[in-house]
$ cat start_21.cif   # mmCIF, C-alpha atoms
data_input
#
loop_
_atom_site.group_PDB
_atom_site.id
_atom_site.type_symbol
_atom_site.label_atom_id
_atom_site.label_comp_id
_atom_site.auth_asym_id
_atom_site.auth_seq_id
_atom_site.Cartn_x
_atom_site.Cartn_y
_atom_site.Cartn_z
ATOM 1 C CA MET B 10 16.209 -10.968 -3.353
ATOM 2 C CA ALA B 11 15.206 -7.682 -4.927
ATOM 3 C CA ARG B 12 15.665 -4.361 -3.206
ATOM 4 C CA GLU B 13 12.490 -2.315 -2.649
ATOM 5 C CA ILE B 14 12.802 1.444 -2.063
ATOM 6 C CA GLU B 15 9.371 2.920 -1.497
ATOM 7 C CA ARG B 16 7.602 6.139 -0.492
ATOM 8 C CA GLN B 17 3.892 6.471 0.308
ATOM 9 C CA PHE B 18 1.409 9.367 0.239
ATOM 10 C CA VAL B 19 -2.276 9.862 1.099
ATOM 11 C CA VAL B 20 -4.567 10.342 -1.921
ATOM 12 C CA ASN B 21 -7.091 13.190 -1.948
ATOM 13 C CA GLU B 22 -10.067 11.037 -2.954
ATOM 14 C CA LEU B 23 -12.147 14.101 -3.867
ATOM 15 C CA HIS B 24 -9.559 15.864 -6.016
ATOM 16 C CA PRO B 25 -10.995 16.483 -9.526
ATOM 17 C CA ASP B 26 -7.859 15.059 -11.188
ATOM 18 C CA TRP B 27 -8.179 11.796 -9.218
ATOM 19 C CA LEU B 28 -11.928 11.560 -9.871
ATOM 20 C CA ALA B 29 -11.378 12.012 -13.618
ATOM 21 C CA LEU B 30 -8.440 9.600 -13.738
ATOM 22 C CA LYS B 31 -9.688 6.785 -11.478
ATOM 23 C CA SER B 32 -12.169 5.201 -13.895
ATOM 24 C CA THR B 33 -9.595 5.138 -16.727
ATOM 25 C CA LEU B 34 -6.889 3.195 -14.872
ATOM 26 C CA PRO B 35 -6.316 -0.570 -14.940
ATOM 27 C CA LYS B 36 -7.108 -2.073 -11.559
ATOM 28 C CA LYS B 37 -6.807 -5.260 -9.582
ATOM 29 C CA ARG B 38 -8.468 -6.511 -6.420
ATOM 30 C CA LEU B 39 -5.969 -7.615 -3.777
ATOM 31 C CA ILE B 40 -6.691 -9.709 -0.716
ATOM 32 C CA GLN B 41 -3.699 -10.244 1.502
ATOM 33 C CA THR B 42 -2.654 -11.224 4.972
ATOM 34 C CA THR B 43 0.550 -11.227 6.938
ATOM 35 C CA ILE B 44 1.160 -14.773 8.147
ATOM 36 C CA HIS B 45 4.382 -13.988 10.035
ATOM 37 C CA LYS B 46 5.764 -10.738 11.418
ATOM 38 C CA GLY B 47 9.093 -10.443 13.156
ATOM 39 C CA GLU B 48 10.836 -7.297 14.363
ATOM 40 C CA TRP B 49 12.422 -6.556 10.956
ATOM 41 C CA ASN B 50 10.755 -9.083 8.651
ATOM 42 C CA LYS B 51 7.396 -10.331 7.506
ATOM 43 C CA LEU B 52 5.863 -12.994 5.292
ATOM 44 C CA ARG B 53 2.764 -12.046 3.336
ATOM 45 C CA VAL B 54 0.404 -14.045 1.156
ATOM 46 C CA ARG B 55 -1.649 -12.228 -1.481
ATOM 47 C CA VAL B 56 -4.372 -13.142 -3.948
ATOM 48 C CA THR B 57 -4.714 -10.796 -6.928
ATOM 49 C CA GLU B 58 -7.646 -10.632 -9.331
ATOM 50 C CA ASP B 59 -7.346 -8.658 -12.572
ATOM 51 C CA MET B 60 -10.614 -6.716 -12.782
ATOM 52 C CA GLN B 61 -10.516 -6.709 -16.618
ATOM 53 C CA THR B 62 -9.908 -10.415 -17.242
ATOM 54 C CA GLY B 63 -10.970 -12.044 -13.963
ATOM 55 C CA LYS B 64 -7.642 -13.928 -13.851
ATOM 56 C CA LYS B 65 -6.493 -14.740 -10.312
ATOM 57 C CA ASP B 66 -2.936 -15.252 -9.111
ATOM 58 C CA ALA B 67 -1.344 -15.791 -5.713
ATOM 59 C CA GLU B 68 2.084 -15.070 -4.277
ATOM 60 C CA PHE B 69 4.158 -15.090 -1.139
ATOM 61 C CA ALA B 70 6.386 -12.131 -0.319
ATOM 62 C CA PHE B 71 9.134 -12.173 2.287
ATOM 63 C CA LYS B 72 10.319 -8.681 3.240
ATOM 64 C CA LEU B 73 13.338 -7.825 5.338
ATOM 65 C CA THR B 74 13.246 -4.178 6.429
ATOM 66 C CA LYS B 75 16.383 -2.129 6.861
ATOM 67 C CA LYS B 76 16.521 0.722 9.353
ATOM 68 C CA SER B 77 16.337 4.080 7.629
ATOM 69 C CA LYS B 78 16.117 7.704 8.654
ATOM 70 C CA LYS B 79 12.773 9.289 9.472
ATOM 71 C CA MET B 80 12.587 11.386 6.295
ATOM 72 C CA SER B 81 13.908 8.711 3.922
ATOM 73 C CA PRO B 82 12.061 6.021 1.972
ATOM 74 C CA ASN B 83 11.404 2.557 3.330
ATOM 75 C CA VAL B 84 14.148 0.203 2.148
ATOM 76 C CA ARG B 85 13.537 -3.553 2.149
ATOM 77 C CA GLU B 86 14.991 -6.691 0.711
ATOM 78 C CA GLU B 87 12.057 -8.454 -0.913
ATOM 79 C CA PHE B 88 11.626 -11.930 -2.321
ATOM 80 C CA GLU B 89 8.374 -12.818 -4.088
ATOM 81 C CA TRP B 90 7.283 -16.119 -5.575
ATOM 82 C CA GLU B 91 4.094 -17.436 -7.117
ATOM 83 C CA VAL B 92 2.092 -20.103 -5.330
ATOM 84 C CA PRO B 93 -0.982 -22.032 -6.460
ATOM 85 C CA LEU B 94 -4.194 -20.128 -5.705
ATOM 86 C CA ARG B 95 -5.581 -23.013 -3.638
ATOM 87 C CA VAL B 96 -2.455 -23.038 -1.456
ATOM 88 C CA ALA B 97 -2.711 -19.304 -0.808
ATOM 89 C CA LEU B 98 -6.409 -19.505 0.072
ATOM 90 C CA TYR B 99 -5.779 -22.418 2.421
ATOM 91 C CA ILE B 100 -2.951 -20.588 4.217
ATOM 92 C CA MET B 101 -5.073 -17.440 4.578
ATOM 93 C CA ILE B 102 -7.700 -19.297 6.630
ATOM 94 C CA GLY B 103 -7.835 -17.870 10.129
ATOM 95 C CA HIS B 104 -5.733 -14.789 9.326
ATOM 96 C CA ILE B 105 -7.109 -11.268 9.157
ATOM 97 C CA GLU B 106 -7.357 -10.119 5.561
ATOM 98 C CA VAL B 107 -6.758 -6.676 4.107
ATOM 99 C CA LYS B 108 -8.776 -5.966 0.955
ATOM 100 C CA LYS B 109 -8.123 -3.217 -1.552
ATOM 101 C CA LEU B 110 -8.349 -2.133 -5.157
ATOM 102 C CA ARG B 111 -4.988 -1.318 -6.737
ATOM 103 C CA TYR B 112 -4.823 1.135 -9.615
ATOM 104 C CA ALA B 113 -1.736 1.338 -11.848
ATOM 105 C CA TYR B 114 -0.854 4.926 -12.738
ATOM 106 C CA VAL B 115 2.022 6.363 -14.749
ATOM 107 C CA HIS B 116 2.569 10.045 -13.948
ATOM 108 C CA SER B 117 3.596 12.688 -16.493
ATOM 109 C CA ASP B 118 7.258 12.276 -15.415
ATOM 110 C CA GLY B 119 7.111 8.585 -16.435
ATOM 111 C CA LYS B 120 7.164 7.246 -12.856
ATOM 112 C CA LYS B 121 4.813 4.381 -11.989
ATOM 113 C CA TRP B 122 2.560 4.688 -8.935
ATOM 114 C CA ASP B 123 0.459 1.993 -7.237
ATOM 115 C CA ILE B 124 -2.683 3.537 -5.781
ATOM 116 C CA ASP B 125 -4.450 1.412 -3.170
ATOM 117 C CA GLU B 126 -8.081 2.115 -2.310
ATOM 118 C CA TYR B 127 -8.847 0.101 0.812
ATOM 119 C CA GLU B 128 -12.144 -1.704 1.280
ATOM 120 C CA TRP B 129 -14.197 -3.239 4.072
ATOM 121 C CA ALA B 130 -12.931 -2.285 7.544
ATOM 122 C CA ASN B 131 -10.362 0.096 6.021
ATOM 123 C CA ALA B 132 -12.693 1.882 3.590
ATOM 124 C CA GLY B 133 -11.976 5.596 3.561
ATOM 125 C CA ILE B 134 -8.218 5.301 3.124
ATOM 126 C CA THR B 135 -6.506 5.573 -0.247
ATOM 127 C CA VAL B 136 -2.715 5.725 -0.515
ATOM 128 C CA ALA B 137 -0.258 5.928 -3.392
ATOM 129 C CA ASP B 138 3.236 4.502 -3.358
ATOM 130 C CA ILE B 139 6.154 4.835 -5.665
ATOM 131 C CA GLU B 140 9.107 2.450 -5.921
ATOM 132 C CA LEU B 141 12.419 4.167 -6.558
ATOM 133 C CA ASP B 142 15.747 2.993 -7.943
ATOM 134 C CA THR B 143 17.743 4.906 -5.308
ATOM 135 C CA PRO B 144 16.770 6.462 -1.956
ATOM 136 C CA ASP B 145 17.461 9.988 -3.247
ATOM 137 C CA GLU B 146 15.773 9.603 -6.657
ATOM 138 C CA LYS B 147 13.753 12.675 -7.685
ATOM 139 C CA PHE B 148 10.110 12.527 -8.734
ATOM 140 C CA THR B 149 7.130 14.854 -9.026
ATOM 141 C CA LEU B 150 3.960 14.419 -7.025
ATOM 142 C CA PRO B 151 0.658 13.987 -8.823
ATOM 143 C CA SER B 152 -1.746 16.842 -8.029
ATOM 144 C CA PHE B 153 -4.118 14.570 -6.097
ATOM 145 C CA LEU B 154 -1.647 13.582 -3.354
ATOM 146 C CA TRP B 155 -1.638 14.880 0.197
ATOM 147 C CA GLN B 156 1.011 14.333 2.899
ATOM 148 C CA GLU B 157 3.692 11.642 2.849
ATOM 149 C CA THR B 158 3.003 8.694 5.160
ATOM 150 C CA THR B 159 6.053 6.529 4.450
ATOM 151 C CA LYS B 160 7.091 6.268 8.115
ATOM 152 C CA ASN B 161 3.591 6.450 9.629
ATOM 153 C CA LYS B 162 3.146 3.100 11.415
ATOM 154 C CA LEU B 163 -0.640 3.535 11.554
ATOM 155 C CA ILE B 164 -0.954 3.546 7.747
ATOM 156 C CA THR B 165 0.472 0.165 6.725
ATOM 157 C CA ASN B 166 -1.085 -3.094 5.552
ATOM 158 C CA ASN B 167 0.043 -4.797 8.743
ATOM 159 C CA SER B 168 -1.501 -2.065 10.879
ATOM 160 C CA PHE B 169 -4.726 -2.254 8.860
ATOM 161 C CA SER B 170 -5.020 -5.973 9.581
ATOM 162 C CA ASN B 171 -4.386 -5.603 13.323
ATOM 163 C CA HIS B 172 -6.127 -2.262 13.838
ATOM 164 C CA PRO B 173 -8.445 -1.388 10.917
ATOM 165 C CA PHE B 174 -9.596 2.163 10.183
ATOM 166 C CA LEU B 175 -13.109 1.231 11.346
ATOM 167 C CA ASN B 176 -11.709 0.750 14.888
ATOM 168 C CA TRP B 177 -9.515 3.850 15.040
ATOM 169 C CA THR B 178 -10.004 6.117 18.022
ATOM 170 C CA GLU B 179 -11.220 9.668 17.582
ATOM 171 C CA SER B 180 -7.663 10.844 18.261
ATOM 172 C CA GLN B 181 -6.254 8.584 15.503
ATOM 173 C CA ARG B 182 -8.887 9.827 13.060
ATOM 174 C CA ARG B 183 -7.970 13.448 13.869
ATOM 175 C CA GLU B 184 -4.287 12.651 13.228
ATOM 176 C CA PHE B 185 -5.229 11.133 9.872
ATOM 177 C CA GLU B 186 -7.269 14.236 8.985
ATOM 178 C CA LYS B 187 -4.152 16.369 9.570
ATOM 179 C CA LEU B 188 -2.472 14.432 6.726
ATOM 180 C CA LYS B 189 -5.104 15.650 4.315
ATOM 181 C CA ILE B 190 -3.259 18.734 3.152
ATOM 182 C CA ARG B 191 -0.943 19.184 0.195
ATOM 183 C CA SER B 192 2.730 18.521 0.894
ATOM 184 C CA LYS B 193 5.039 21.470 0.381
#
$ encode --input "start_21.cif" --output "structure tokens"
Amino acid sequence: MAREIERQFVVNELHPDWLALKSTLPKKRLIQTTIHKGEWNKLRVRVTEDMQTGKKDAEFAFKLTKKSKKMSPNVREEFEWEVPLRVALYIMIGHIEVKKLRYAYVHSDGKKWDIDEYEWANAGITVADIELDTPDEKFTLPSFLWQETTKNKLITNNSFSNHPFLNWTESQRREFEKLKIRSK
């Protein structure tokens, strides 16, 4: 298993830097569903389509989450393996899907970011995550990022499948709006 150390931030979708950059980035369409969720683990199936070539792939990912402090990154043991596309599509039947576009971005400090622009029932949410080598690794934030949401349980793929943005209460939407300021 590989170790995943990840932090997540809300993207300011109207920031001029993001608007200028977005159309230049390679992107993929992801459709995924969680087919098992335990207290500290989950099994996900994902179909990925490269928007340049049209090539489609599928994979399973098993993630085992480790407890971490509130202000630290998410740390997980992660095992991913390819599966035939037909198998993935068959297994996804009857499960709630999360759909998004994923942009690959390399920031000026050389760090790679995955930027996910959610679609369908979760349209209106765009987040960026960075995978780190160590929990205390330093990095600089791109100008178009707002608040960190690493530990926010409402802003996760699993949450989006069970409780999509379209169905959020007015109170939940107000809480999300509070995240739309630049981190200090």
$ resolve_selection --input "start_21.cif" --expression "the PyMOL selection byres ((chain B and resi 41) around 7)" --output "ChimeraX atom specification"
/B:39-40,42-43,53-56,106-108
$ closest_residue --input "start_21.cif" --among "B:Val92, B:Phe18, B:Lys121, B:Lys76" --to "Phe185 in chain B" --atoms "all atoms listed in the file"
B:Phe18
$ residues_near_point --input "start_21.cif" --point "(15.0, -8.2, -4.6)" --cutoff "8 Å" --atoms "all atoms listed in the file" --output "JSON list (two decimals) with C-alpha atoms, in the coordinates of the input"
[["chain", "number", "residue", "atom", "x", "y", "z"],
["B", 10, "MET", "CA", 16.21, -10.97, -3.35],
["B", 11, "ALA", "CA", 15.21, -7.68, -4.93],
["B", 12, "ARG", "CA", 15.66, -4.36, -3.21],
["B", 13, "GLU", "CA", 12.49, -2.32, -2.65],
["B", 86, "GLU", "CA", 14.99, -6.69, 0.71],
["B", 87, "GLU", "CA", 12.06, -8.45, -0.91],
["B", 88, "PHE", "CA", 11.63, -11.93, -2.32]]
$ closest_residue --input "start_21.cif" --among "B:Leu73, B:Lys51, B:Leu154, B:Leu98" --to "Asn166 in chain B" --atoms "all atoms listed in the file"
B:Lys51
$ resolve_selection --input "start_21.cif" --expression "the PyMOL selection byres ((chain B and resi 104) around 9)" --output "ChimeraX atom specification"
/B:42-44,100-103,105-106,170
$ closest_residue --input "start_21.cif" --among "B:Asp118, B:Arg38, B:Leu188, B:Ala70" --to "Lys147 in chain B" --atoms "only C-alpha atoms"
B:Asp118
$ atom_distance --input "start_21.cif" --atom1 "CA of Tyr127 in chain B" --atom2 "CA of Lys36 in chain B"
12.7 Å
$ residues_near_point --input "start_21.cif" --point "(3.2, -3.3, 15.1)" --cutoff "10 Å" --atoms "all atoms listed in the file" --output "list in words"
Lys46, Gly47, Glu48, Lys162, Leu163, Thr165, Asn167, Ser168, Asn171 and His172 of chain B
$ decode --input "start_21.cif" --residues "range 60-173 of chain B" --atoms "C-alpha atoms" --output "compact mmCIF listing (two decimals), in the first residue's frame"
# COMPACT_ATOMS: atom_id res chain seq x y z
CA MET B 60 -10.68 14.64 -22.32
CA GLN B 61 -7.89 15.00 -24.92
CA THR B 62 -7.73 11.42 -26.18
CA GLY B 63 -11.08 9.96 -25.11
CA LYS B 64 -9.26 6.99 -23.52
CA LYS B 65 -11.15 5.46 -20.59
CA ASP B 66 -9.69 3.57 -17.65
CA ALA B 67 -11.12 2.15 -14.44
CA GLU B 68 -9.69 1.42 -11.02
CA PHE B 69 -10.51 0.33 -7.51
CA ALA B 70 -9.03 2.18 -4.55
CA PHE B 71 -9.03 0.88 -0.99
CA LYS B 72 -8.25 3.58 1.57
CA LEU B 73 -7.54 3.06 5.24
CA THR B 74 -7.69 6.36 7.13
CA LYS B 75 -5.49 7.08 10.11
CA LYS B 76 -6.63 9.41 12.87
CA SER B 77 -4.90 12.77 12.65
CA LYS B 78 -5.11 16.10 14.41
CA LYS B 79 -7.66 18.70 13.36
CA MET B 80 -5.13 21.03 11.72
CA SER B 81 -3.05 18.32 10.03
CA PRO B 82 -3.42 16.69 6.62
CA ASN B 83 -5.48 13.59 6.01
CA VAL B 84 -3.22 10.53 6.17
CA ARG B 85 -4.34 7.27 4.55
CA GLU B 86 -2.91 3.99 3.45
CA GLU B 87 -4.08 3.59 -0.13
CA PHE B 88 -4.02 0.67 -2.53
CA GLU B 89 -5.14 1.21 -6.13
CA TRP B 90 -5.44 -1.30 -8.94
CA GLU B 91 -6.75 -1.21 -12.48
CA VAL B 92 -9.87 -3.13 -13.39
CA PRO B 93 -11.52 -3.69 -16.78
CA LEU B 94 -13.87 -0.84 -17.68
CA ARG B 95 -16.82 -3.22 -18.07
CA VAL B 96 -16.26 -4.60 -14.56
CA ALA B 97 -16.19 -1.11 -13.05
CA LEU B 98 -19.37 -0.05 -14.87
CA TYR B 99 -21.15 -3.21 -13.79
CA ILE B 100 -20.17 -2.73 -10.13
CA MET B 101 -21.28 0.92 -10.21
CA ILE B 102 -24.86 -0.06 -11.07
CA GLY B 103 -27.18 0.96 -8.25
CA HIS B 104 -24.60 3.13 -6.46
CA ILE B 105 -24.76 6.91 -6.30
CA GLU B 106 -22.15 8.43 -8.58
CA VAL B 107 -20.07 11.55 -8.09
CA LYS B 108 -19.06 13.26 -11.34
CA LYS B 109 -16.33 15.83 -11.76
CA LEU B 110 -13.71 17.28 -14.06
CA ARG B 111 -10.16 16.98 -12.75
CA TYR B 112 -7.54 19.49 -13.84
CA ALA B 113 -3.82 18.78 -13.35
CA TYR B 114 -1.92 21.88 -12.23
CA VAL B 115 1.73 22.37 -11.32
CA HIS B 116 2.22 25.50 -9.21
CA SER B 117 5.22 27.83 -9.46
CA ASP B 118 6.86 26.01 -6.50
CA GLY B 119 6.79 22.75 -8.51
CA LYS B 120 4.03 21.13 -6.43
CA LYS B 121 1.29 19.24 -8.27
CA TRP B 122 -2.36 20.03 -7.48
CA ASP B 123 -5.49 18.12 -8.53
CA ILE B 124 -8.37 20.54 -9.02
CA ASP B 125 -11.82 18.95 -9.03
CA GLU B 126 -14.76 20.83 -10.52
CA TYR B 127 -17.88 18.92 -9.49
CA GLU B 128 -20.78 18.40 -11.87
CA TRP B 129 -24.45 17.44 -11.74
CA ALA B 130 -25.88 17.50 -8.20
CA ASN B 131 -22.61 18.93 -6.84
CA ALA B 132 -22.12 21.68 -9.44
CA GLY B 133 -20.92 24.86 -7.78
CA ILE B 134 -18.12 23.27 -5.78
CA THR B 135 -14.51 23.25 -6.94
CA VAL B 136 -11.72 22.04 -4.66
CA ALA B 137 -7.97 21.63 -5.02
CA ASP B 138 -5.90 19.04 -3.23
CA ILE B 139 -2.22 18.52 -2.86
CA GLU B 140 -0.48 15.27 -1.93
CA LEU B 141 2.54 15.72 0.30
CA ASP B 142 5.56 13.57 1.08
CA THR B 143 5.40 14.35 4.82
CA PRO B 144 2.65 15.80 7.04
CA ASP B 145 4.69 18.94 7.74
CA GLU B 146 5.90 19.55 4.16
CA LYS B 147 5.84 23.23 3.16
CA PHE B 148 4.09 24.53 0.05
CA THR B 149 2.71 27.79 -1.29
CA LEU B 150 -0.94 28.33 -2.07
CA PRO B 151 -1.98 29.32 -5.58
CA SER B 152 -3.64 32.75 -5.62
CA PHE B 153 -7.05 31.31 -6.54
CA LEU B 154 -7.51 29.22 -3.38
CA TRP B 155 -9.79 30.05 -0.47
CA GLN B 156 -10.01 28.31 2.92
CA GLU B 157 -8.67 24.85 3.72
CA THR B 158 -11.33 22.13 3.92
CA THR B 159 -9.16 19.09 4.67
CA LYS B 160 -11.11 18.10 7.79
CA ASN B 161 -14.52 19.38 6.67
CA LYS B 162 -16.72 16.26 6.53
CA LEU B 163 -19.31 18.02 4.35
CA ILE B 164 -16.81 18.54 1.50
CA THR B 165 -15.75 14.99 0.60
CA ASN B 166 -16.58 12.66 -2.28
CA ASN B 167 -18.40 10.34 0.10
CA SER B 168 -20.46 13.22 1.50
CA PHE B 169 -21.24 14.42 -2.03
CA SER B 170 -22.65 11.01 -2.94
CA ASN B 171 -24.81 10.74 0.19
CA HIS B 172 -25.73 14.41 0.53
CA PRO B 173 -25.07 16.36 -2.69
